[in-house]
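Engineer: For reference, this is upload-v2.cif, and it has mmCIF, N, CA and C atoms.
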data_final
loop_
_atom_site.label_atom_id
_atom_site.label_comp_id
_atom_site.auth_asym_id
_atom_site.auth_seq_id
_atom_site.Cartn_x
_atom_site.Cartn_y
_atom_site.Cartn_z
N VAL A 11 155.70 51.36 133.08
CA VAL A 11 154.96 50.12 133.02
C VAL A 11 155.67 49.09 133.91
N GLN A 12 154.89 48.33 134.66
CA GLN A 12 155.44 47.27 135.49
C GLN A 12 155.18 45.93 134.79
N LEU A 13 156.19 45.05 134.86
CA LEU A 13 156.12 43.78 134.14
C LEU A 13 156.26 42.62 135.11
N GLN A 14 155.46 41.60 134.91
CA GLN A 14 155.49 40.40 135.75
C GLN A 14 155.54 39.17 134.85
N ALA A 15 156.68 38.49 134.86
CA ALA A 15 156.85 37.30 134.04
C ALA A 15 156.48 36.05 134.83
N SER A 16 155.97 35.07 134.12
CA SER A 16 155.60 33.80 134.74
C SER A 16 155.65 32.69 133.70
N GLY A 17 155.53 31.44 134.18
CA GLY A 17 155.44 30.32 133.26
C GLY A 17 156.69 29.47 133.15
N GLY A 18 157.75 29.86 133.82
CA GLY A 18 158.96 29.06 133.76
C GLY A 18 158.81 27.76 134.52
N GLY A 19 159.81 26.90 134.39
CA GLY A 19 159.76 25.63 135.09
C GLY A 19 160.81 24.68 134.58
N LEU A 20 160.67 23.42 134.99
CA LEU A 20 161.59 22.35 134.59
C LEU A 20 160.91 21.49 133.54
N VAL A 21 161.60 21.27 132.43
CA VAL A 21 161.04 20.48 131.34
C VAL A 21 162.14 19.63 130.73
N GLN A 22 161.77 18.51 130.15
CA GLN A 22 162.75 17.65 129.50
C GLN A 22 163.09 18.16 128.10
N THR A 23 164.22 17.74 127.60
CA THR A 23 164.60 18.07 126.23
C THR A 23 163.48 17.68 125.26
N GLY A 24 163.16 18.59 124.37
CA GLY A 24 162.09 18.37 123.42
C GLY A 24 160.73 18.84 123.88
N GLY A 25 160.64 19.23 125.13
CA GLY A 25 159.37 19.68 125.69
C GLY A 25 159.06 21.12 125.34
N SER A 26 157.94 21.59 125.89
CA SER A 26 157.46 22.94 125.59
C SER A 26 157.09 23.67 126.88
N LEU A 27 157.20 24.98 126.81
CA LEU A 27 156.72 25.87 127.87
C LEU A 27 156.19 27.13 127.21
N ARG A 28 155.25 27.77 127.90
CA ARG A 28 154.79 29.08 127.45
C ARG A 28 155.00 30.08 128.57
N LEU A 29 155.81 31.08 128.28
CA LEU A 29 156.02 32.16 129.23
C LEU A 29 155.00 33.27 128.97
N SER A 30 154.60 33.92 130.04
CA SER A 30 153.71 35.06 129.95
C SER A 30 154.34 36.25 130.67
N CYS A 31 154.02 37.42 130.20
CA CYS A 31 154.49 38.65 130.84
C CYS A 31 153.32 39.63 130.87
N ALA A 32 152.81 39.86 132.06
CA ALA A 32 151.69 40.76 132.23
C ALA A 32 152.19 42.16 132.56
N ALA A 33 151.61 43.15 131.91
CA ALA A 33 152.02 44.54 132.09
C ALA A 33 150.93 45.35 132.75
N SER A 34 151.32 46.28 133.56
CA SER A 34 150.38 47.21 134.16
C SER A 34 150.95 48.60 134.01
N GLY A 35 150.11 49.58 134.13
CA GLY A 35 150.59 50.95 134.02
C GLY A 35 150.14 51.61 132.72
N ARG A 36 151.10 52.22 132.03
CA ARG A 36 150.77 52.94 130.82
C ARG A 36 150.24 52.03 129.72
N THR A 37 149.69 52.60 128.69
CA THR A 37 149.08 51.85 127.60
C THR A 37 150.05 50.85 127.00
N PHE A 38 149.69 49.60 127.08
CA PHE A 38 150.57 48.50 126.68
C PHE A 38 150.96 48.59 125.21
N SER A 39 150.05 49.03 124.37
CA SER A 39 150.31 49.04 122.93
C SER A 39 151.32 50.10 122.51
N THR A 40 151.77 50.93 123.42
CA THR A 40 152.79 51.91 123.07
C THR A 40 154.20 51.34 123.20
N TYR A 41 154.29 50.07 123.62
CA TYR A 41 155.60 49.47 123.88
C TYR A 41 155.93 48.36 122.88
N VAL A 42 157.15 48.41 122.38
CA VAL A 42 157.75 47.23 121.77
C VAL A 42 158.12 46.29 122.93
N MET A 43 157.82 45.02 122.77
CA MET A 43 158.09 44.05 123.83
C MET A 43 159.15 43.05 123.39
N GLY A 44 160.01 42.71 124.32
CA GLY A 44 161.07 41.76 124.02
C GLY A 44 161.24 40.73 125.12
N TRP A 45 161.84 39.63 124.74
CA TRP A 45 162.27 38.61 125.70
C TRP A 45 163.79 38.47 125.58
N PHE A 46 164.42 38.42 126.71
CA PHE A 46 165.86 38.20 126.80
C PHE A 46 166.09 37.03 127.77
N ARG A 47 167.29 36.48 127.76
CA ARG A 47 167.60 35.42 128.71
C ARG A 47 169.05 35.53 129.15
N GLN A 48 169.31 34.99 130.33
CA GLN A 48 170.67 34.98 130.86
C GLN A 48 170.93 33.65 131.54
N ALA A 49 171.90 32.94 131.00
CA ALA A 49 172.33 31.67 131.57
C ALA A 49 173.44 31.92 132.59
N PRO A 50 173.63 31.01 133.53
CA PRO A 50 174.69 31.19 134.53
C PRO A 50 176.06 31.40 133.89
N GLY A 51 176.74 32.45 134.31
CA GLY A 51 178.07 32.72 133.81
C GLY A 51 178.13 33.33 132.43
N LYS A 52 176.97 33.63 131.87
CA LYS A 52 176.93 34.20 130.53
C LYS A 52 176.26 35.57 130.55
N GLU A 53 176.49 36.32 129.49
CA GLU A 53 175.84 37.62 129.37
C GLU A 53 174.39 37.44 128.94
N ARG A 54 173.61 38.44 129.27
CA ARG A 54 172.22 38.45 128.82
C ARG A 54 172.18 38.50 127.29
N GLU A 55 171.24 37.75 126.71
CA GLU A 55 171.13 37.74 125.26
C GLU A 55 169.69 37.93 124.81
N PHE A 56 169.55 38.49 123.66
CA PHE A 56 168.24 38.72 123.05
C PHE A 56 167.65 37.39 122.60
N VAL A 57 166.33 37.25 122.78
CA VAL A 57 165.63 36.06 122.33
C VAL A 57 164.63 36.39 121.23
N ALA A 58 163.71 37.31 121.51
CA ALA A 58 162.67 37.64 120.55
C ALA A 58 162.06 38.99 120.88
N ALA A 59 161.44 39.61 119.89
CA ALA A 59 160.76 40.88 120.10
C ALA A 59 159.57 40.98 119.17
N ILE A 60 158.63 41.83 119.55
CA ILE A 60 157.40 42.00 118.78
C ILE A 60 157.02 43.47 118.75
N SER A 61 156.50 43.91 117.63
CA SER A 61 156.13 45.30 117.46
C SER A 61 154.90 45.65 118.28
N ARG A 62 154.58 46.93 118.30
CA ARG A 62 153.54 47.42 119.20
C ARG A 62 152.17 46.77 118.98
N TYR A 63 151.82 46.49 117.76
CA TYR A 63 150.52 45.88 117.49
C TYR A 63 150.64 44.44 116.99
N GLY A 64 151.85 43.89 117.11
CA GLY A 64 152.05 42.47 116.81
C GLY A 64 152.27 42.14 115.35
N GLY A 65 152.39 43.13 114.51
CA GLY A 65 152.51 42.86 113.09
C GLY A 65 153.88 42.37 112.66
N SER A 66 154.88 42.64 113.49
CA SER A 66 156.25 42.23 113.15
C SER A 66 156.90 41.56 114.35
N THR A 67 157.69 40.55 114.05
CA THR A 67 158.44 39.84 115.09
C THR A 67 159.87 39.62 114.61
N TYR A 68 160.74 39.36 115.56
CA TYR A 68 162.15 39.10 115.22
C TYR A 68 162.71 38.15 116.25
N TYR A 69 163.54 37.21 115.80
CA TYR A 69 164.06 36.17 116.67
C TYR A 69 165.58 36.04 116.57
N ALA A 70 166.18 35.64 117.65
CA ALA A 70 167.57 35.24 117.61
C ALA A 70 167.68 33.97 116.78
N ASP A 71 168.78 33.81 116.09
CA ASP A 71 168.97 32.63 115.24
C ASP A 71 168.86 31.34 116.05
N SER A 72 169.27 31.39 117.30
CA SER A 72 169.30 30.19 118.13
C SER A 72 167.91 29.66 118.47
N VAL A 73 166.88 30.49 118.34
CA VAL A 73 165.53 30.05 118.70
C VAL A 73 164.57 30.08 117.52
N LYS A 74 165.01 30.59 116.40
CA LYS A 74 164.14 30.72 115.23
C LYS A 74 163.60 29.35 114.83
N GLY A 75 162.29 29.31 114.60
CA GLY A 75 161.65 28.07 114.23
C GLY A 75 161.19 27.22 115.41
N ARG A 76 161.64 27.57 116.61
CA ARG A 76 161.24 26.83 117.82
C ARG A 76 160.42 27.69 118.77
N PHE A 77 160.71 28.98 118.82
CA PHE A 77 160.02 29.89 119.74
C PHE A 77 159.10 30.81 118.93
N THR A 78 158.00 31.21 119.56
CA THR A 78 157.07 32.15 118.95
C THR A 78 156.67 33.20 119.97
N ILE A 79 156.88 34.46 119.61
CA ILE A 79 156.45 35.56 120.46
C ILE A 79 155.12 36.09 119.95
N SER A 80 154.23 36.43 120.87
CA SER A 80 152.94 36.99 120.50
C SER A 80 152.49 37.93 121.60
N ARG A 81 151.46 38.71 121.33
CA ARG A 81 150.96 39.63 122.33
C ARG A 81 149.47 39.76 122.20
N ASP A 82 148.84 40.09 123.31
CA ASP A 82 147.41 40.36 123.35
C ASP A 82 147.25 41.71 124.03
N ASN A 83 147.08 42.75 123.25
CA ASN A 83 147.02 44.10 123.83
C ASN A 83 145.77 44.30 124.69
N ALA A 84 144.73 43.56 124.43
CA ALA A 84 143.53 43.66 125.25
C ALA A 84 143.77 43.12 126.66
N LYS A 85 144.71 42.19 126.77
CA LYS A 85 145.04 41.59 128.07
C LYS A 85 146.35 42.13 128.63
N ASN A 86 146.97 43.08 127.94
CA ASN A 86 148.25 43.65 128.39
C ASN A 86 149.29 42.56 128.66
N THR A 87 149.37 41.60 127.77
CA THR A 87 150.24 40.45 127.99
C THR A 87 151.02 40.09 126.72
N VAL A 88 152.27 39.72 126.92
CA VAL A 88 153.09 39.19 125.84
C VAL A 88 153.47 37.76 126.22
N TYR A 89 153.56 36.92 125.20
CA TYR A 89 153.83 35.50 125.43
C TYR A 89 155.08 35.06 124.68
N LEU A 90 155.68 34.00 125.17
CA LEU A 90 156.77 33.35 124.46
C LEU A 90 156.50 31.85 124.50
N GLN A 91 156.05 31.32 123.38
CA GLN A 91 155.84 29.88 123.26
C GLN A 91 157.15 29.23 122.86
N MET A 92 157.61 28.30 123.68
CA MET A 92 158.91 27.67 123.46
C MET A 92 158.70 26.18 123.22
N ASN A 93 159.02 25.73 122.03
CA ASN A 93 158.90 24.32 121.67
C ASN A 93 160.27 23.73 121.39
N SER A 94 160.33 22.41 121.36
CA SER A 94 161.58 21.70 121.06
C SER A 94 162.73 22.23 121.90
N LEU A 95 162.48 22.34 123.18
CA LEU A 95 163.47 22.93 124.07
C LEU A 95 164.73 22.07 124.18
N LYS A 96 165.85 22.75 124.33
CA LYS A 96 167.17 22.12 124.42
C LYS A 96 167.81 22.51 125.75
N PRO A 97 168.75 21.72 126.23
CA PRO A 97 169.44 22.10 127.47
C PRO A 97 170.07 23.48 127.40
N GLU A 98 170.53 23.88 126.22
CA GLU A 98 171.15 25.20 126.08
C GLU A 98 170.15 26.35 126.17
N ASP A 99 168.87 26.04 126.23
CA ASP A 99 167.85 27.07 126.46
C ASP A 99 167.69 27.39 127.95
N THR A 100 168.35 26.63 128.80
CA THR A 100 168.27 26.86 130.24
C THR A 100 168.80 28.24 130.59
N ALA A 101 167.98 29.03 131.26
CA ALA A 101 168.34 30.41 131.60
C ALA A 101 167.21 31.03 132.40
N VAL A 102 167.50 32.20 132.95
CA VAL A 102 166.43 33.06 133.46
C VAL A 102 165.95 33.92 132.30
N TYR A 103 164.65 33.90 132.09
CA TYR A 103 164.06 34.64 130.98
C TYR A 103 163.41 35.92 131.51
N TYR A 104 163.71 37.02 130.84
CA TYR A 104 163.19 38.32 131.23
C TYR A 104 162.36 38.92 130.10
N CYS A 105 161.24 39.50 130.46
CA CYS A 105 160.51 40.30 129.48
C CYS A 105 160.89 41.76 129.69
N ALA A 106 160.81 42.52 128.62
CA ALA A 106 161.22 43.91 128.65
C ALA A 106 160.33 44.73 127.73
N ALA A 107 160.20 46.01 128.06
CA ALA A 107 159.34 46.91 127.30
C ALA A 107 160.10 48.17 126.92
N SER A 108 159.85 48.62 125.71
CA SER A 108 160.48 49.86 125.26
C SER A 108 159.45 50.75 124.58
N ALA A 109 159.39 52.00 125.06
CA ALA A 109 158.53 52.99 124.42
C ALA A 109 159.30 53.83 123.42
N SER A 110 160.62 53.67 123.39
CA SER A 110 161.44 54.58 122.58
C SER A 110 161.96 53.96 121.29
N ILE A 111 161.86 52.65 121.17
CA ILE A 111 162.36 52.00 119.95
C ILE A 111 161.44 52.33 118.79
N HIS A 112 162.06 52.77 117.67
CA HIS A 112 161.24 53.08 116.49
C HIS A 112 161.76 52.40 115.23
N ASP A 113 162.80 51.57 115.35
CA ASP A 113 163.25 50.81 114.19
C ASP A 113 163.69 49.43 114.65
N MET A 114 163.50 48.47 113.79
CA MET A 114 163.75 47.07 114.14
C MET A 114 165.21 46.80 114.45
N SER A 115 166.10 47.63 113.95
CA SER A 115 167.52 47.40 114.20
C SER A 115 167.88 47.53 115.67
N SER A 116 167.01 48.15 116.45
CA SER A 116 167.27 48.35 117.87
C SER A 116 166.62 47.28 118.75
N TRP A 117 165.82 46.43 118.17
CA TRP A 117 165.05 45.47 118.96
C TRP A 117 165.93 44.53 119.77
N THR A 118 167.13 44.22 119.29
CA THR A 118 167.97 43.25 119.98
C THR A 118 168.82 43.87 121.09
N ARG A 119 168.77 45.16 121.23
CA ARG A 119 169.65 45.86 122.15
C ARG A 119 169.00 46.05 123.51
N GLY A 120 169.50 45.38 124.52
CA GLY A 120 168.93 45.45 125.85
C GLY A 120 168.82 46.86 126.42
N PRO A 121 169.84 47.70 126.28
CA PRO A 121 169.76 49.06 126.85
C PRO A 121 168.64 49.91 126.27
N MET A 122 168.08 49.49 125.13
CA MET A 122 166.97 50.26 124.55
C MET A 122 165.66 50.03 125.29
N TYR A 123 165.63 49.01 126.15
CA TYR A 123 164.41 48.68 126.88
C TYR A 123 164.49 49.30 128.28
N GLY A 124 163.52 50.13 128.59
CA GLY A 124 163.57 50.85 129.86
C GLY A 124 162.87 50.16 131.01
N ASN A 125 162.13 49.11 130.71
CA ASN A 125 161.35 48.43 131.75
C ASN A 125 161.60 46.93 131.65
N TRP A 126 161.85 46.32 132.79
CA TRP A 126 162.17 44.89 132.83
C TRP A 126 161.33 44.19 133.89
N GLY A 127 160.95 42.96 133.60
CA GLY A 127 160.30 42.12 134.60
C GLY A 127 161.34 41.45 135.49
N GLN A 128 160.87 40.66 136.43
CA GLN A 128 161.76 40.10 137.42
C GLN A 128 162.45 38.81 136.97
N GLY A 129 162.04 38.23 135.88
CA GLY A 129 162.66 37.02 135.38
C GLY A 129 161.96 35.76 135.85
N THR A 130 161.99 34.74 135.00
CA THR A 130 161.42 33.44 135.34
C THR A 130 162.39 32.37 134.87
N GLN A 131 162.66 31.40 135.74
CA GLN A 131 163.67 30.38 135.46
C GLN A 131 163.10 29.30 134.54
N VAL A 132 163.86 28.99 133.50
CA VAL A 132 163.55 27.87 132.62
C VAL A 132 164.73 26.90 132.68
N THR A 133 164.44 25.66 133.02
CA THR A 133 165.47 24.64 133.10
C THR A 133 165.08 23.47 132.21
N VAL A 134 165.97 23.11 131.28
CA VAL A 134 165.71 22.02 130.37
C VAL A 134 166.69 20.89 130.69
N SER A 135 166.16 19.77 131.09
CA SER A 135 167.01 18.64 131.47
C SER A 135 167.30 17.76 130.27
N SER A 136 168.49 17.19 130.26
CA SER A 136 168.89 16.34 129.13
C SER A 136 168.54 14.89 129.39
#
Can the structure in the file be given as structure tokens, please?

Structural biologist:
Amino acid sequence: VQLQASGGGLVQTGGSLRLSCAASGRTFSTYVMGWFRQAPGKEREFVAAISRYGGSTYYADSVKGRFTISRDNAKNTVYLQMNSLKPEDTAVYYCAASASIHDMSSWTRGPMYGNWGQGTQVTVSS
């Protein structure tokens, strides 16, 4: 599956952005989808993930209550709605897909995702 992320940009503290990740290729609903981010000088970190049909979601503690992951399998797209943005949310955001994950304990692990998008920059100004 090929992934194309979009929707990043520059926003002020407290603002909102919605990221989108469009997938092409194999059946989208066979993939667990995740969002990760990487800030300059830092390691990539897990942000959020969603199950194949959207019934379950999981968030990093740092974004819980502010970010919402969702998916539309008819449109082959996963979204990340980001509200109440903070300067520490500044990073390149990547969407990722995994056909092999079968338990939620693996959702946060980047190596479990075999397909990655190109990333979209999110910058939150203070």

Engineer: Measuring atom to atom with only N, CA and C atoms, identify which of A:Thr23, A:Gln48, A:Ser34, A:Ser61 is nearest to A:Ser94.

Structural biologist: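 Residue with the minimum atom-to-atom distance to A:Ser94: A:Thr23.
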
Engineer: Tell me, as a PyMOL selection string, which residues lie within 7 Å of A:Ser26, counting only N, CA and C atoms; anything in the same chain fewer than 2 positions away does not count.

Structural biologist: chain A and resi 21-24+28+91-95

Engineer: Since we have the selection now, will you write its residues out, keeping N, CA and C atoms, as a PDB file, in the frame of the given file?

Structural biologist:
ATOM      1  N   VAL A  21     161.600  21.270 132.430  1.00  0.00           N
ATOM      2  CA  VAL A  21     161.040  20.480 131.340  1.00  0.00           C
ATOM      3  C   VAL A  21     162.140  19.630 130.730  1.00  0.00           C
ATOM      4  N   GLN A  22     161.770  18.510 130.150  1.00  0.00           N
ATOM      5  CA  GLN A  22     162.750  17.650 129.500  1.00  0.00           C
ATOM      6  C   GLN A  22     163.090  18.160 128.100  1.00  0.00           C
ATOM      7  N   THR A  23     164.220  17.740 127.600  1.00  0.00           N
ATOM      8  CA  THR A  23     164.600  18.070 126.230  1.00  0.00           C
ATOM      9  C   THR A  23     163.480  17.680 125.260  1.00  0.00           C
ATOM     10  N   GLY A  24     163.160  18.590 124.370  1.00  0.00           N
ATOM     11  CA  GLY A  24     162.090  18.370 123.420  1.00  0.00           C
ATOM     12  C   GLY A  24     160.730  18.840 123.880  1.00  0.00           C
ATOM     13  N   ARG A  28     155.250  27.770 127.900  1.00  0.00           N
ATOM     14  CA  ARG A  28     154.790  29.080 127.450  1.00  0.00           C
ATOM     15  C   ARG A  28     155.000  30.080 128.570  1.00  0.00           C
ATOM     16  N   GLN A  91     156.050  31.320 123.380  1.00  0.00           N
ATOM     17  CA  GLN A  91     155.840  29.880 123.260  1.00  0.00           C
ATOM     18  C   GLN A  91     157.150  29.230 122.860  1.00  0.00           C
ATOM     19  N   MET A  92     157.610  28.300 123.680  1.00  0.00           N
ATOM     20  CA  MET A  92     158.910  27.670 123.460  1.00  0.00           C
ATOM     21  C   MET A  92     158.700  26.180 123.220  1.00  0.00           C
ATOM     22  N   ASN A  93     159.020  25.730 122.030  1.00  0.00           N
ATOM     23  CA  ASN A  93     158.900  24.320 121.670  1.00  0.00           C
ATOM     24  C   ASN A  93     160.270  23.730 121.390  1.00  0.00           C
ATOM     25  N   SER A  94     160.330  22.410 121.360  1.00  0.00           N
ATOM     26  CA  SER A  94     161.580  21.700 121.060  1.00  0.00           C
ATOM     27  C   SER A  94     162.730  22.230 121.900  1.00  0.00           C
ATOM     28  N   LEU A  95     162.480  22.340 123.180  1.00  0.00           N
ATOM     29  CA  LEU A  95     163.470  22.930 124.070  1.00  0.00           C
ATOM     30  C   LEU A  95     164.730  22.070 124.180  1.00  0.00           C
TER      31      LEU A  95
END

Engineer: For the provided coordinates, the residues matched by the PyMOL selection byres (((chain A and resi 76-85 and name CA) around 8) and name CA) should be stated as a list in words.

Structural biologist: Ala32, Phe38, Ser39, Ala58, Ala59, Ile60, Tyr63, Gly64, Thr67, Val73, Lys74, Gly75, Asn86, Thr87, Val88, Tyr89, Leu90, Gln91, Met92, Asn93, Ser94 and Leu95 of chain A

Engineer: Grab the atom N of A:Pro97 to atom N of A:Gly124 distance for me, in Å with one decimal place.

Structural biologist: 29.0 Å

Engineer: So what do you get for atom CA of A:Gln131 versus atom CA of A:Ile111, distance-wise?

Structural biologist: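 Straight-line distance from atom CA of A:Gln131 to atom CA of A:Ile111 works out to 26.6 Å.
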
Engineer: Quick one: of A:Thr100, A:Cys105, A:His112, A:Met122, who's nearest to A:Ala49, counting all atoms listed in the file?

Structural biologist: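 For A:Ala49, the nearest of the candidates is A:Thr100.
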
Engineer: Which parts of chain A does DSSP call strand (DSSP E or B) when run on the backbone here, written out as an MDAnalysis selection string?

Structural biologist: chainID A and resid 12:16 19:22 27:34 42:48 55:60 67:69 77:82 87:92 101:108 125:126 130:135

Engineer: Atom CA of A:Ala106 and atom C of A:Tyr41 are how many Å apart?

Structural biologist: 9.0 Å

Engineer: Pick from A:Val132, A:Trp126, A:Asp113, A:Ser72: nearest to A:Ala101, with only N, CA and C atoms counted?

Structural biologist: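 Of A:Val132, A:Trp126, A:Asp113, A:Ser72, the one nearest A:Ala101 is A:Val132, counting only N, CA and C atoms.
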